[in-house]
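Q: Input structure: structure_26.pdb, which contains PDB, C-alpha atoms and all ligand atoms.
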```pdb
ATOM      1  CA  MET N   1      26.481  21.220  -0.573
ATOM      2  CA  ALA N   2      23.556  22.138  -2.810
ATOM      3  CA  LEU N   3      19.927  23.072  -3.007
ATOM      4  CA  ILE N   4      18.280  19.665  -3.145
ATOM      5  CA  THR N   5      14.765  18.278  -3.542
ATOM      6  CA  SER N   6      12.984  16.589  -0.655
ATOM      7  CA  LYS N   7      12.641  13.224  -2.416
ATOM      8  CA  GLU N   8      15.391  11.284  -0.621
ATOM      9  CA  MET N   9      14.847  13.269   2.573
ATOM     10  CA  PHE N  10      11.194  12.185   2.780
ATOM     11  CA  LYS N  11      11.998   8.575   1.929
ATOM     12  CA  LYS N  12      14.444   8.405   4.833
ATOM     13  CA  ALA N  13      12.063  10.270   7.138
ATOM     14  CA  TYR N  14       9.183   7.961   6.294
ATOM     15  CA  GLU N  15      11.259   4.844   6.882
ATOM     16  CA  GLY N  16      12.841   6.291  10.018
ATOM     17  CA  GLY N  17       9.554   7.437  11.572
ATOM     18  CA  TYR N  18      10.583  11.072  11.947
ATOM     19  CA  ALA N  19       9.676  14.366  10.276
ATOM     20  CA  VAL N  20      11.748  17.144   8.753
ATOM     21  CA  GLY N  21      10.999  20.692   9.903
ATOM     22  CA  ALA N  22      10.006  23.213   7.265
ATOM     23  CA  PHE N  23      10.669  26.659   8.639
ATOM     24  CA  ASN N  24       9.389  29.927   7.142
ATOM     25  CA  VAL N  25      12.049  32.523   6.430
ATOM     26  CA  ASN N  26      11.642  36.266   6.011
ATOM     27  CA  ASN N  27      15.026  37.845   6.759
ATOM     28  CA  MET N  28      18.687  37.181   7.403
ATOM     29  CA  GLU N  29      18.512  36.614  11.151
ATOM     30  CA  ILE N  30      15.721  34.061  10.820
ATOM     31  CA  ILE N  31      17.662  32.152   8.157
ATOM     32  CA  GLN N  32      20.867  32.248  10.189
ATOM     33  CA  GLY N  33      19.195  31.073  13.401
ATOM     34  CA  ILE N  34      17.528  28.115  11.694
ATOM     35  CA  VAL N  35      20.583  27.078   9.712
ATOM     36  CA  GLU N  36      22.866  27.274  12.758
ATOM     37  CA  ALA N  37      20.492  24.941  14.585
ATOM     38  CA  ALA N  38      20.369  22.491  11.660
ATOM     39  CA  LYS N  39      24.145  22.440  11.512
ATOM     40  CA  GLU N  40      24.549  21.834  15.235
ATOM     41  CA  GLU N  41      21.864  19.173  15.222
ATOM     42  CA  ASN N  42      23.181  17.583  12.007
ATOM     43  CA  SER N  43      19.623  17.690  10.726
ATOM     44  CA  PRO N  44      18.030  17.734   7.262
ATOM     45  CA  LEU N  45      16.433  21.094   6.552
ATOM     46  CA  ILE N  46      13.663  22.690   4.521
ATOM     47  CA  LEU N  47      13.517  26.482   4.317
ATOM     48  CA  GLN N  48      10.256  27.798   2.973
ATOM     49  CA  VAL N  49       9.294  31.129   1.508
ATOM     50  CA  SER N  50       5.716  32.409   1.314
ATOM     51  CA  ALA N  51       4.345  34.905  -1.201
ATOM     52  CA  GLY N  52       4.267  37.388   1.682
ATOM     53  CA  ALA N  53       7.935  36.759   2.427
ATOM     54  CA  ARG N  54       8.820  37.287  -1.230
ATOM     55  CA  LYS N  55       6.924  40.541  -1.192
ATOM     56  CA  TYR N  56       8.507  41.691   2.062
ATOM     57  CA  ALA N  57      12.132  40.845   1.356
ATOM     58  CA  ASN N  58      12.221  40.856  -2.438
ATOM     59  CA  PRO N  59      12.654  37.327  -3.872
ATOM     60  CA  ILE N  60      16.261  37.777  -4.924
ATOM     61  CA  TYR N  61      17.376  38.614  -1.370
ATOM     62  CA  LEU N  62      15.869  35.503   0.144
ATOM     63  CA  LYS N  63      17.310  33.258  -2.554
ATOM     64  CA  LYS N  64      20.788  34.778  -2.133
ATOM     65  CA  LEU N  65      20.580  34.623   1.670
ATOM     66  CA  VAL N  66      19.660  30.941   1.523
ATOM     67  CA  GLU N  67      22.543  30.317  -0.882
ATOM     68  CA  ALA N  68      24.890  32.165   1.476
ATOM     69  CA  ALA N  69      23.648  30.102   4.423
ATOM     70  CA  MET N  70      24.157  26.916   2.446
ATOM     71  CA  GLU N  71      27.671  27.886   1.432
ATOM     72  CA  GLU N  72      28.656  29.032   4.902
ATOM     73  CA  SER N  73      27.178  26.010   6.693
ATOM     74  CA  GLY N  74      28.033  23.331   4.148
ATOM     75  CA  LEU N  75      24.470  21.961   4.468
ATOM     76  CA  ASP N  76      22.212  20.692   1.711
ATOM     77  CA  ILE N  77      18.958  22.633   1.900
ATOM     78  CA  VAL N  78      15.531  22.248   0.299
ATOM     79  CA  LEU N  79      14.281  25.652  -0.868
ATOM     80  CA  HIS N  80      10.489  25.461  -0.928
ATOM     81  CA  LEU N  81       7.665  27.796  -1.953
ATOM     82  CA  ASP N  82       5.012  27.787   0.796
ATOM     83  CA  HIS N  83       1.333  28.126  -0.232
ATOM     84  CA  GLY N  84       1.766  28.982  -3.906
ATOM     85  CA  GLU N  85      -1.688  30.171  -4.873
ATOM     86  CA  ASP N  86      -1.528  29.853  -8.660
ATOM     87  CA  PHE N  87       0.441  28.333 -11.507
ATOM     88  CA  GLU N  88       2.355  31.565 -12.179
ATOM     89  CA  ILE N  89       4.024  31.901  -8.766
ATOM     90  CA  CYS N  90       4.954  28.206  -8.810
ATOM     91  CA  LYS N  91       6.480  28.583 -12.292
ATOM     92  CA  GLN N  92       8.337  31.708 -11.164
ATOM     93  CA  CYS N  93       9.869  29.868  -8.216
ATOM     94  CA  VAL N  94      10.785  26.848 -10.335
ATOM     95  CA  ASP N  95      12.463  29.195 -12.801
ATOM     96  CA  ASP N  96      14.199  31.034  -9.919
ATOM     97  CA  GLY N  97      15.888  27.839  -8.723
ATOM     98  CA  PHE N  98      13.585  26.611  -5.943
ATOM     99  CA  THR N  99      13.835  22.838  -5.557
ATOM    100  CA  SER N 100      10.296  22.371  -4.247
ATOM    101  CA  VAL N 101       7.013  24.227  -4.620
ATOM    102  CA  MET N 102       3.628  23.995  -2.979
ATOM    103  CA  ILE N 103       0.544  24.601  -5.052
ATOM    104  CA  ASP N 104      -2.276  25.266  -2.620
ATOM    105  CA  GLY N 105      -5.496  24.551  -4.473
ATOM    106  CA  SER N 106      -7.286  23.557  -1.265
ATOM    107  CA  LYS N 107      -9.843  26.331  -1.600
ATOM    108  CA  TYR N 108     -11.035  24.999  -4.962
ATOM    109  CA  PRO N 109     -13.458  22.149  -5.627
ATOM    110  CA  PHE N 110     -11.793  18.727  -5.938
ATOM    111  CA  GLU N 111     -11.628  18.611  -9.747
ATOM    112  CA  GLU N 112     -10.250  22.156 -10.018
ATOM    113  CA  ASN N 113      -7.648  21.429  -7.361
ATOM    114  CA  ILE N 114      -6.586  18.344  -9.336
ATOM    115  CA  GLU N 115      -6.394  20.253 -12.601
ATOM    116  CA  LEU N 116      -4.328  23.099 -11.130
ATOM    117  CA  THR N 117      -2.039  20.775  -9.200
ATOM    118  CA  LYS N 118      -1.461  18.560 -12.255
ATOM    119  CA  ARG N 119      -0.489  21.594 -14.319
ATOM    120  CA  VAL N 120       2.103  22.616 -11.724
ATOM    121  CA  VAL N 121       3.359  19.043 -11.348
ATOM    122  CA  ASP N 122       3.870  18.699 -15.112
ATOM    123  CA  TYR N 123       5.869  21.919 -15.290
ATOM    124  CA  ALA N 124       7.882  21.402 -12.078
ATOM    125  CA  HIS N 125       8.755  17.779 -12.860
ATOM    126  CA  SER N 126       9.987  18.757 -16.321
ATOM    127  CA  LYS N 127      12.542  20.944 -14.472
ATOM    128  CA  GLY N 128      13.409  18.413 -11.755
ATOM    129  CA  VAL N 129      11.447  20.205  -9.027
ATOM    130  CA  VAL N 130       9.122  18.436  -6.576
ATOM    131  CA  VAL N 131       5.577  19.522  -5.716
ATOM    132  CA  GLU N 132       3.480  19.570  -2.536
ATOM    133  CA  ALA N 133      -0.277  20.042  -2.811
ATOM    134  CA  GLU N 134      -3.057  20.397  -0.259
ATOM    135  CA  LEU N 135      -6.346  18.590   0.047
ATOM    136  CA  GLY N 136      -8.854  19.551   2.713
ATOM    137  CA  ARG N 137      -8.913  22.866   4.514
ATOM    138  CA  LEU N 138      -7.150  23.628   7.780
ATOM    139  CA  ALA N 139      -9.674  23.966  10.588
ATOM    140  CA  GLY N 140     -10.570  27.212  12.258
ATOM    141  CA  ILE N 141     -11.108  27.132  16.012
ATOM    142  CA  GLU N 142     -14.837  26.518  15.564
ATOM    143  CA  ASP N 143     -14.428  23.749  12.967
ATOM    144  CA  ALA N 144     -12.290  21.649  15.258
ATOM    145  CA  VAL N 145     -15.143  21.054  17.684
ATOM    146  CA  ASN N 146     -17.945  20.704  15.168
ATOM    147  CA  VAL N 147     -18.296  17.219  13.680
ATOM    148  CA  ASP N 148     -20.139  18.293  10.513
ATOM    149  CA  ALA N 149     -17.603  20.994   9.793
ATOM    150  CA  ARG N 150     -14.847  18.445  10.354
ATOM    151  CA  ASP N 151     -16.193  16.112   7.701
ATOM    152  CA  ALA N 152     -16.661  19.000   5.311
ATOM    153  CA  THR N 153     -13.162  20.398   5.728
ATOM    154  CA  PHE N 154     -10.823  17.623   6.866
ATOM    155  CA  THR N 155      -9.080  15.493   4.233
ATOM    156  CA  ASP N 156     -11.123  12.579   2.957
ATOM    157  CA  PRO N 157      -8.876   9.467   2.804
ATOM    158  CA  ASP N 158     -10.371   8.068  -0.434
ATOM    159  CA  GLN N 159     -10.128  11.435  -2.139
ATOM    160  CA  ALA N 160      -6.502  11.684  -1.036
ATOM    161  CA  VAL N 161      -5.699   8.466  -2.906
ATOM    162  CA  GLU N 162      -7.460   9.633  -6.057
ATOM    163  CA  PHE N 163      -5.812  13.056  -5.797
ATOM    164  CA  VAL N 164      -2.296  11.614  -5.506
ATOM    165  CA  GLU N 165      -2.859   9.146  -8.347
ATOM    166  CA  ARG N 166      -4.316  11.675 -10.749
ATOM    167  CA  THR N 167      -1.885  14.538 -10.074
ATOM    168  CA  GLY N 168       1.417  12.677  -9.613
ATOM    169  CA  VAL N 169       2.193  15.053  -6.741
ATOM    170  CA  ASP N 170       5.216  14.270  -4.534
ATOM    171  CA  SER N 171       3.737  15.060  -1.109
ATOM    172  CA  LEU N 172       0.344  16.037   0.254
ATOM    173  CA  ALA N 173      -0.655  18.472   2.988
ATOM    174  CA  ILE N 174      -3.645  17.138   4.880
ATOM    175  CA  ALA N 175      -6.195  18.692   7.194
ATOM    176  CA  ILE N 176      -6.648  16.773  10.468
ATOM    177  CA  GLY N 177      -7.286  19.626  12.896
ATOM    178  CA  THR N 178      -4.271  21.907  12.820
ATOM    179  CA  SER N 179      -4.583  25.533  11.749
ATOM    180  CA  HIS N 180      -2.280  28.450  11.048
ATOM    181  CA  GLY N 181      -1.330  31.049  13.639
ATOM    182  CA  ALA N 182      -1.266  31.199  17.434
ATOM    183  CA  TYR N 183      -4.939  30.362  18.120
ATOM    184  CA  LYS N 184      -5.482  26.761  17.139
ATOM    185  CA  PHE N 185      -7.791  25.304  19.777
ATOM    186  CA  LYS N 186     -10.454  26.657  22.060
ATOM    187  CA  GLY N 187     -10.595  23.756  24.489
ATOM    188  CA  GLU N 188      -8.607  20.539  24.560
ATOM    189  CA  PRO N 189      -6.225  20.301  21.582
ATOM    190  CA  GLN N 190      -7.432  17.526  19.296
ATOM    191  CA  LEU N 191      -6.082  16.051  16.078
ATOM    192  CA  ASP N 192      -7.904  13.419  14.050
ATOM    193  CA  PHE N 193      -5.340  10.605  14.281
ATOM    194  CA  GLU N 194      -7.867   8.053  13.040
ATOM    195  CA  ARG N 195      -8.127   9.983   9.812
ATOM    196  CA  LEU N 196      -4.344  10.248   9.571
ATOM    197  CA  GLU N 197      -4.046   6.504  10.072
ATOM    198  CA  ALA N 198      -6.651   5.841   7.384
ATOM    199  CA  ILE N 199      -4.789   8.079   4.914
ATOM    200  CA  THR N 200      -1.428   6.469   5.708
ATOM    201  CA  LYS N 201      -2.909   2.989   5.263
ATOM    202  CA  LEU N 202      -4.295   3.870   1.848
ATOM    203  CA  LEU N 203      -1.113   5.649   0.748
ATOM    204  CA  PRO N 204       1.700   3.541   2.217
ATOM    205  CA  GLY N 205       5.134   5.130   1.824
ATOM    206  CA  PHE N 206       3.690   8.416   0.582
ATOM    207  CA  PRO N 207       4.928  11.540   2.416
ATOM    208  CA  LEU N 208       2.291  13.632   4.175
ATOM    209  CA  VAL N 209       2.680  17.219   5.338
ATOM    210  CA  LEU N 210       1.301  18.979   8.401
ATOM    211  CA  HIS N 211       0.730  22.710   8.162
ATOM    212  CA  GLY N 212      -0.191  24.874  11.119
ATOM    213  CA  ALA N 213       2.058  22.810  13.370
ATOM    214  CA  SER N 214       3.496  25.388  15.723
ATOM    215  CA  SER N 215       3.252  24.459  19.386
ATOM    216  CA  VAL N 216       2.992  28.048  20.627
ATOM    217  CA  PRO N 217       5.276  27.378  23.611
ATOM    218  CA  LYS N 218       4.023  28.795  26.883
ATOM    219  CA  GLU N 219       7.457  30.159  27.662
ATOM    220  CA  PHE N 220       7.319  32.531  24.644
ATOM    221  CA  VAL N 221       3.683  33.504  25.192
ATOM    222  CA  ASP N 222       4.487  34.259  28.852
ATOM    223  CA  LEU N 223       7.461  36.360  27.802
ATOM    224  CA  CYS N 224       5.357  38.300  25.289
ATOM    225  CA  ASN N 225       2.663  38.822  27.921
ATOM    226  CA  LYS N 226       5.136  39.853  30.580
ATOM    227  CA  TYR N 227       6.900  42.363  28.371
ATOM    228  CA  GLY N 228       3.846  44.049  26.887
ATOM    229  CA  GLY N 229       1.231  43.350  24.212
ATOM    230  CA  GLU N 230      -0.682  40.365  25.571
ATOM    231  CA  ILE N 231      -1.623  37.505  23.267
ATOM    232  CA  PRO N 232      -4.535  35.972  25.203
ATOM    233  CA  GLY N 233      -5.992  32.615  24.296
ATOM    234  CA  ALA N 234      -2.953  31.421  22.363
ATOM    235  CA  ALA N 235      -2.866  27.628  21.945
ATOM    236  CA  GLY N 236      -0.713  25.404  19.747
ATOM    237  CA  VAL N 237      -0.306  21.747  18.804
ATOM    238  CA  PRO N 238       1.122  19.806  21.762
ATOM    239  CA  GLU N 239       4.589  18.467  21.030
ATOM    240  CA  GLU N 240       3.494  14.949  21.873
ATOM    241  CA  MET N 241       0.951  15.050  19.013
ATOM    242  CA  LEU N 242       3.625  16.143  16.566
ATOM    243  CA  ARG N 243       5.861  13.276  17.697
ATOM    244  CA  ARG N 244       2.990  10.890  17.100
ATOM    245  CA  ALA N 245       2.229  12.308  13.629
ATOM    246  CA  ALA N 246       5.899  12.066  12.662
ATOM    247  CA  LYS N 247       5.717   8.306  13.218
ATOM    248  CA  MET N 248       2.596   7.994  11.058
ATOM    249  CA  GLY N 249       3.742   9.087   7.605
ATOM    250  CA  VAL N 250       3.978  12.827   8.259
ATOM    251  CA  CYS N 251       7.405  13.664   6.833
ATOM    252  CA  LYS N 252       7.241  17.484   6.772
ATOM    253  CA  ILE N 253       6.069  19.655   9.641
ATOM    254  CA  ASN N 254       5.582  23.380   8.966
ATOM    255  CA  ILE N 255       6.565  25.930  11.564
ATOM    256  CA  ASP N 256       6.283  29.686  11.296
ATOM    257  CA  THR N 257       4.338  31.051  14.273
ATOM    258  CA  ASP N 258       6.838  29.629  16.785
ATOM    259  CA  LEU N 259       9.664  31.456  14.981
ATOM    260  CA  ARG N 260       7.697  34.686  15.169
ATOM    261  CA  LEU N 261       7.027  34.178  18.864
ATOM    262  CA  ALA N 262      10.643  33.335  19.693
ATOM    263  CA  LEU N 263      11.958  36.395  17.875
ATOM    264  CA  THR N 264       9.307  38.770  19.153
ATOM    265  CA  ALA N 265       9.483  37.593  22.775
ATOM    266  CA  SER N 266      13.235  38.093  22.741
ATOM    267  CA  ILE N 267      13.000  41.583  21.254
ATOM    268  CA  ARG N 268      10.249  42.677  23.634
ATOM    269  CA  LYS N 269      12.258  41.489  26.603
ATOM    270  CA  PHE N 270      15.318  43.299  25.306
ATOM    271  CA  PHE N 271      13.552  46.627  25.014
ATOM    272  CA  VAL N 272      11.971  46.445  28.435
ATOM    273  CA  GLU N 273      15.399  45.749  29.899
ATOM    274  CA  ASN N 274      17.289  48.174  27.609
ATOM    275  CA  PRO N 275      14.866  50.973  26.776
ATOM    276  CA  SER N 276      17.571  53.363  25.565
ATOM    277  CA  GLU N 277      19.311  50.968  23.180
ATOM    278  CA  PHE N 278      18.914  51.550  19.457
ATOM    279  CA  ASP N 279      21.593  49.445  17.758
ATOM    280  CA  PRO N 280      19.588  46.789  15.802
ATOM    281  CA  ARG N 281      22.366  44.252  16.228
ATOM    282  CA  LYS N 282      21.858  44.385  19.980
ATOM    283  CA  TYR N 283      18.294  43.094  19.771
ATOM    284  CA  LEU N 284      18.368  41.107  16.524
ATOM    285  CA  GLY N 285      21.380  39.111  17.753
ATOM    286  CA  PRO N 286      19.572  37.664  20.799
ATOM    287  CA  GLY N 287      16.483  37.206  18.602
ATOM    288  CA  ARG N 288      18.531  35.066  16.237
ATOM    289  CA  THR N 289      19.806  33.020  19.176
ATOM    290  CA  ALA N 290      16.238  32.536  20.451
ATOM    291  CA  ILE N 291      15.263  31.174  17.032
ATOM    292  CA  LYS N 292      18.255  28.867  16.947
ATOM    293  CA  ASP N 293      17.499  27.437  20.394
ATOM    294  CA  MET N 294      13.842  26.900  19.568
ATOM    295  CA  VAL N 295      14.604  25.180  16.243
ATOM    296  CA  ALA N 296      17.272  22.963  17.834
ATOM    297  CA  HIS N 297      14.741  21.914  20.482
ATOM    298  CA  LYS N 298      12.197  21.012  17.773
ATOM    299  CA  MET N 299      14.700  18.973  15.809
ATOM    300  CA  ARG N 300      16.004  17.079  18.810
ATOM    301  CA  ASN N 301      12.929  16.633  20.977
ATOM    302  CA  VAL N 302       9.903  16.872  18.696
ATOM    303  CA  LEU N 303      10.582  16.068  15.039
ATOM    304  CA  GLY N 304      13.247  13.443  15.704
ATOM    305  CA  CYS N 305      15.405  14.624  12.786
ATOM    306  CA  SER N 306      18.624  15.404  14.697
ATOM    307  CA  ASN N 307      21.574  13.397  13.352
ATOM    308  CA  LYS N 308      19.569  12.218  10.327
ATOM    309  CA  ARG N 309      21.499  14.168   7.738
TER     310      ARG N 309
HETATM  311  O1  LIG N 401       1.142  29.431   6.384
HETATM  312  C1  LIG N 401       1.508  30.592   6.304
HETATM  313  C2  LIG N 401       2.828  31.000   6.827
HETATM  314  O2  LIG N 401       2.774  31.175   8.215
HETATM  315  C3  LIG N 401       3.325  32.207   6.100
HETATM  316  O3  LIG N 401       2.694  33.358   6.526
HETATM  317  O4  LIG N 401       1.937  34.456   4.415
HETATM  318  O5  LIG N 401       2.290  35.783   6.534
HETATM  319  O6  LIG N 401       4.238  34.874   5.261
HETATM  320  P1  LIG N 401       2.787  34.694   5.625
HETATM  321  P1  LIG N 402       2.055  27.781  12.026
HETATM  322  O1  LIG N 402       1.279  29.037  11.896
HETATM  323  O2  LIG N 402       1.409  26.831  12.953
HETATM  324  O3  LIG N 402       3.492  28.022  12.370
HETATM  325  O4  LIG N 402       2.038  27.065  10.566
HETATM  326  C1  LIG N 402       2.934  27.476   9.563
HETATM  327  C2  LIG N 402       2.602  26.899   8.229
HETATM  328  O5  LIG N 402       1.798  26.004   8.073
HETATM  329  C3  LIG N 402       3.312  27.470   7.079
HETATM  330  O6  LIG N 402       2.843  26.943   5.883
HETATM  331 ZN    ZN N 403       0.761  26.486   5.892
END
```
Spell out the structure here as structure tokens.
Ligand code: G3H
Ligand code: 13P
Ligand code: ZN

A:
Amino acid sequence: MALITSKEMFKKAYEGGYAVGAFNVNNMEIIQGIVEAAKEENSPLILQVSAGARKYANPIYLKKLVEAAMEESGLDIVLHLDHGEDFEICKQCVDDGFTSVMIDGSKYPFEENIELTKRVVDYAHSKGVVVEAELGRLAGIEDAVNVDARDATFTDPDQAVEFVERTGVDSLAIAIGTSHGAYKFKGEPQLDFERLEAITKLLPGFPLVLHGASSVPKEFVDLCNKYGGEIPGAAGVPEEMLRRAAKMGVCKINIDTDLRLALTASIRKFFVENPSEFDPRKYLGPGRTAIKDMVAHKMRNVLGCSNKR
């Protein structure tokens, strides 16, 4: 087993019409829950670390925990930097042994995004590391229903082709209506599949990435609501839409919010039922199991990546 790049993984996913889950990790229990699921499901796996996660856990801990998980499980794992905001953090992660980095230049004008991405690609490729970039901006709740805002923020298919050609990037995160967090849609959930199809047609065989792809399962929201601290208005991407995207060139689907919900719902429930307990293992253990079950469900029933290792 080893830390591997996503190159072969994406090729197989693209050809097989499924997507690989990229799960955000912040501590040991989250890593263990995800990796146990991947092992049971015999699934390819991407673990991703944000700048916030590095700050919270200290980069060395996360790297060592992922290595431990890899050694213990015998799985090959892609270790990916999520939303790298500048060249320096991408370089740091490449130098630290990550096998994949994301440079997120989506907030910059097109030419600046290209320039920044190309700089990261040149450095990462010289060290055998793959790069994800982002073009277009993920919609806010308002943008999704406003046609002008859509055109201004969603990924332009022709620009995507030019961006990929000029940067040499290995995968591209696109904006088609998803957004980060638990509040993705006000009314009917809607993704711009026509746009996705247009991008896939212009970039055949090229792996696309969907951020903001948590489904915000009702079962976890209900649990959170029932056991205190309501999260009203939560709405995620319907699983059916993710299945559809996975068959249309989307090879990597990012999930963080659903992990947070699974863990938090489990812990809230525990404390309502066991108000006097204070041994962290007693509530983090079931939290880890909740993460494992949720990730296994995604792999088997949504992403289609079970038994694709
Ligand atoms: O897309 C962002 C991920 O959910 C990571 O969130 O920056 O709070 O770690 P974070
Ligand atoms: P969610 O907030 O929908 O889980 O998206 C996570 C993500 O895109 C991480 O990069
Ligand atoms: Zn993201």

Q: Would you list the residues that come within 9 Å of ligand ZN 403 (chain N)? Count all atoms listed in the file and give the answer as a PyMOL selection string.

A: chain N and resi 50+82-83+138+173+179-180+210-213+254-256

Q: One decimal, in Å: what's the spacing between atom CA of Gly21 of chain N and atom CA of Arg288 of chain N?

A: 17.4 Å

Q: For this structure, which residues satisfy the selection - the PyMOL selection byres (((chain N and resi 186) around 8) and not hetatm) - when it is evaluated on the file as given? I want them as a list of chain:residue names.

A: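 This file gives the following for the PyMOL selection byres (((chain N and resi 186) around 8) and not hetatm): N:Ile141, N:Glu142, N:Tyr183, N:Lys184, N:Phe185, N:Gly187, N:Glu188, N:Pro189, N:Gly233, N:Ala235.
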
Q: Write to file, as a PDB file, keeping the file's coordinate frame, the residues of the selection just made, with C-alpha atoms.

A:
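Just written: again.pdb:
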```pdb
ATOM      1  CA  ILE N 141     -11.108  27.132  16.012  1.00  0.00           C
ATOM      2  CA  GLU N 142     -14.837  26.518  15.564  1.00  0.00           C
ATOM      3  CA  TYR N 183      -4.939  30.362  18.120  1.00  0.00           C
ATOM      4  CA  LYS N 184      -5.482  26.761  17.139  1.00  0.00           C
ATOM      5  CA  PHE N 185      -7.791  25.304  19.777  1.00  0.00           C
ATOM      6  CA  GLY N 187     -10.595  23.756  24.489  1.00  0.00           C
ATOM      7  CA  GLU N 188      -8.607  20.539  24.560  1.00  0.00           C
ATOM      8  CA  PRO N 189      -6.225  20.301  21.582  1.00  0.00           C
ATOM      9  CA  GLY N 233      -5.992  32.615  24.296  1.00  0.00           C
ATOM     10  CA  ALA N 235      -2.866  27.628  21.945  1.00  0.00           C
TER      11      ALA N 235
END
```

Q: For the atom pair atom CA of Val237 of chain N and atom CA of His297 of chain N, what is the interatomic distance in Å to one decimal place?

A: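 Interatomic distance here is 15.1 Å.
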
Q: Neighbouring residues of segment 88-101 of chain N were defined as those with any atom within 7 Å, considering all atoms listed in the file; residues of the same chain fewer than 5 positions away were excluded. Please report them as a list in words.

A: Leu3, Ile4, Thr5, Val78, Leu79, His80, Leu81, Asp82, Val120, Ala124, Val129, Val130, Val131 and Glu132 of chain N

Q: Return as a list in words the set of residues that the PyMOL selection byres (((chain N and resi 105) around 8) and not hetatm) yields on the displayed structure.

A: Glu85, Asp86, Ile103, Asp104, Ser106, Lys107, Tyr108, Glu112, Asn113, Ile114, Leu116, Thr117, Ala133, Glu134 and Leu135 of chain N

Q: Choose the residue, out of N:Asp279, N:Asp122, N:Glu8, N:Asp258, that has the smallest atom-to-atom separation from Phe220 of chain N; count only C-alpha atoms.

A: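 Smallest distance to Phe220 of chain N is found for N:Asp258.
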
Q: Quick one: of N:Gly84, N:Glu29, N:Arg300, N:Tyr56, who's nearest to ligand LIG 402 (chain N), counting only C-alpha atoms and all ligand atoms?

A: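 Smallest distance to ligand LIG 402 (chain N) is found for N:Gly84.
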
Q: How big is the axis-aligned box around the listed atoms of ligand LIG 402 (chain N) once 5 Å is added on each side, and where is its centre? Give both in Å to one decimal, as AutoDock Vina command-line options.

A:
```
--center_x 2.4 --center_y 27.5 --center_z 9.4 --size_x 12.2 --size_y 13.0 --size_z 17.1
```

Q: Excluding Ala160 of chain N and any residue of its chain fewer than 2 positions from it, enumerate the residues within 10 Å of it, using all atoms listed in the file, and give them as a list in words.

A: Glu134, Leu135, Gly136, Thr155, Asp156, Pro157, Asp158, Glu162, Phe163, Val164, Glu165, Arg166, Leu172, Ala173, Ile174, Ile199, Thr200, Leu202 and Leu203 of chain N

Q: Could you give me, as a PyMOL selection string, the residues that sit within 12 Å of (19.9, 35.4, 2.6) in the file's coordinates, counting only C-alpha atoms?

A: chain N and resi 25-35+47+49+54+57-72+79

Q: The PyMOL selection byres (((chain N and resi 272) around 12) and not hetatm) on the file shown: which residues, as an NGL selection string?

A: :N and (223-224 or 226-229 or 265-271 or 273-277 or 283)

Q: Record the distance separating atom CA of Tyr14 of chain N and atom CA of Lys252 of chain N, expressed in Å with one decimal.

A: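 Taking atom CA of Tyr14 of chain N and atom CA of Lys252 of chain N, their separation equals 9.7 Å.
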
Q: Would you mind telling me which residue in N:Met1, N:Lys218, N:Pro280, N:Leu303 lies nearest to Leu261 of chain N when using all atoms listed in the file?

A: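 Of the candidates, the smallest distance to Leu261 of chain N is held by N:Lys218.
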
Q: Have a look at N:Gln48, N:Thr289, N:Asn301, N:Ser43 and name the one nearest to ligand LIG 401 (chain N); count only C-alpha atoms and all ligand atoms.

A: N:Gln48

Q: Between N:Lys7, N:Lys127, N:Lys118, N:Arg260, single out the one closest to ligand LIG 401 (chain N), counting all atoms listed in the file.

A: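 Using all atoms listed in the file, ligand LIG 401 (chain N) sits closest to N:Arg260.
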
Q: Counting all atoms listed in the file, which of N:Ala234, N:Val221, N:Val250, N:Ala149 gets nearest to Phe193 of chain N?

A: N:Val250

Q: Write out as an MDAnalysis selection string the residues lying within 7 Å of Lys247 of chain N, counting all atoms listed in the file and excluding same-chain residues fewer than 4 positions away.

A: chainID N and resid 17:18 243

Q: May I ask you to restore N, CA and C atoms in segment 287-294 of chain N and write the result as a CSV table (one decimal), keeping the file's coordinate frame?

A:
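Output file selection_7.csv is given in full below:
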```csv
chain,number,residue,atom,x,y,z
N,287,GLY,N,17.6,37.8,19.3
N,287,GLY,CA,16.5,37.2,18.6
N,287,GLY,C,16.9,36.0,17.7
N,288,ARG,N,18.0,36.2,17.1
N,288,ARG,CA,18.5,35.1,16.2
N,288,ARG,C,18.9,33.9,17.1
N,289,THR,N,19.5,34.1,18.3
N,289,THR,CA,19.8,33.0,19.2
N,289,THR,C,18.5,32.3,19.7
N,290,ALA,N,17.5,33.1,20.0
N,290,ALA,CA,16.2,32.5,20.5
N,290,ALA,C,15.6,31.6,19.4
N,291,ILE,N,15.8,32.0,18.1
N,291,ILE,CA,15.3,31.2,17.0
N,291,ILE,C,16.1,29.9,16.9
N,292,LYS,N,17.4,30.0,17.0
N,292,LYS,CA,18.3,28.9,16.9
N,292,LYS,C,17.9,27.9,18.0
N,293,ASP,N,17.8,28.4,19.3
N,293,ASP,CA,17.5,27.4,20.4
N,293,ASP,C,16.2,26.7,20.2
N,294,MET,N,15.2,27.5,19.7
N,294,MET,CA,13.8,26.9,19.6
N,294,MET,C,13.9,25.8,18.5
```
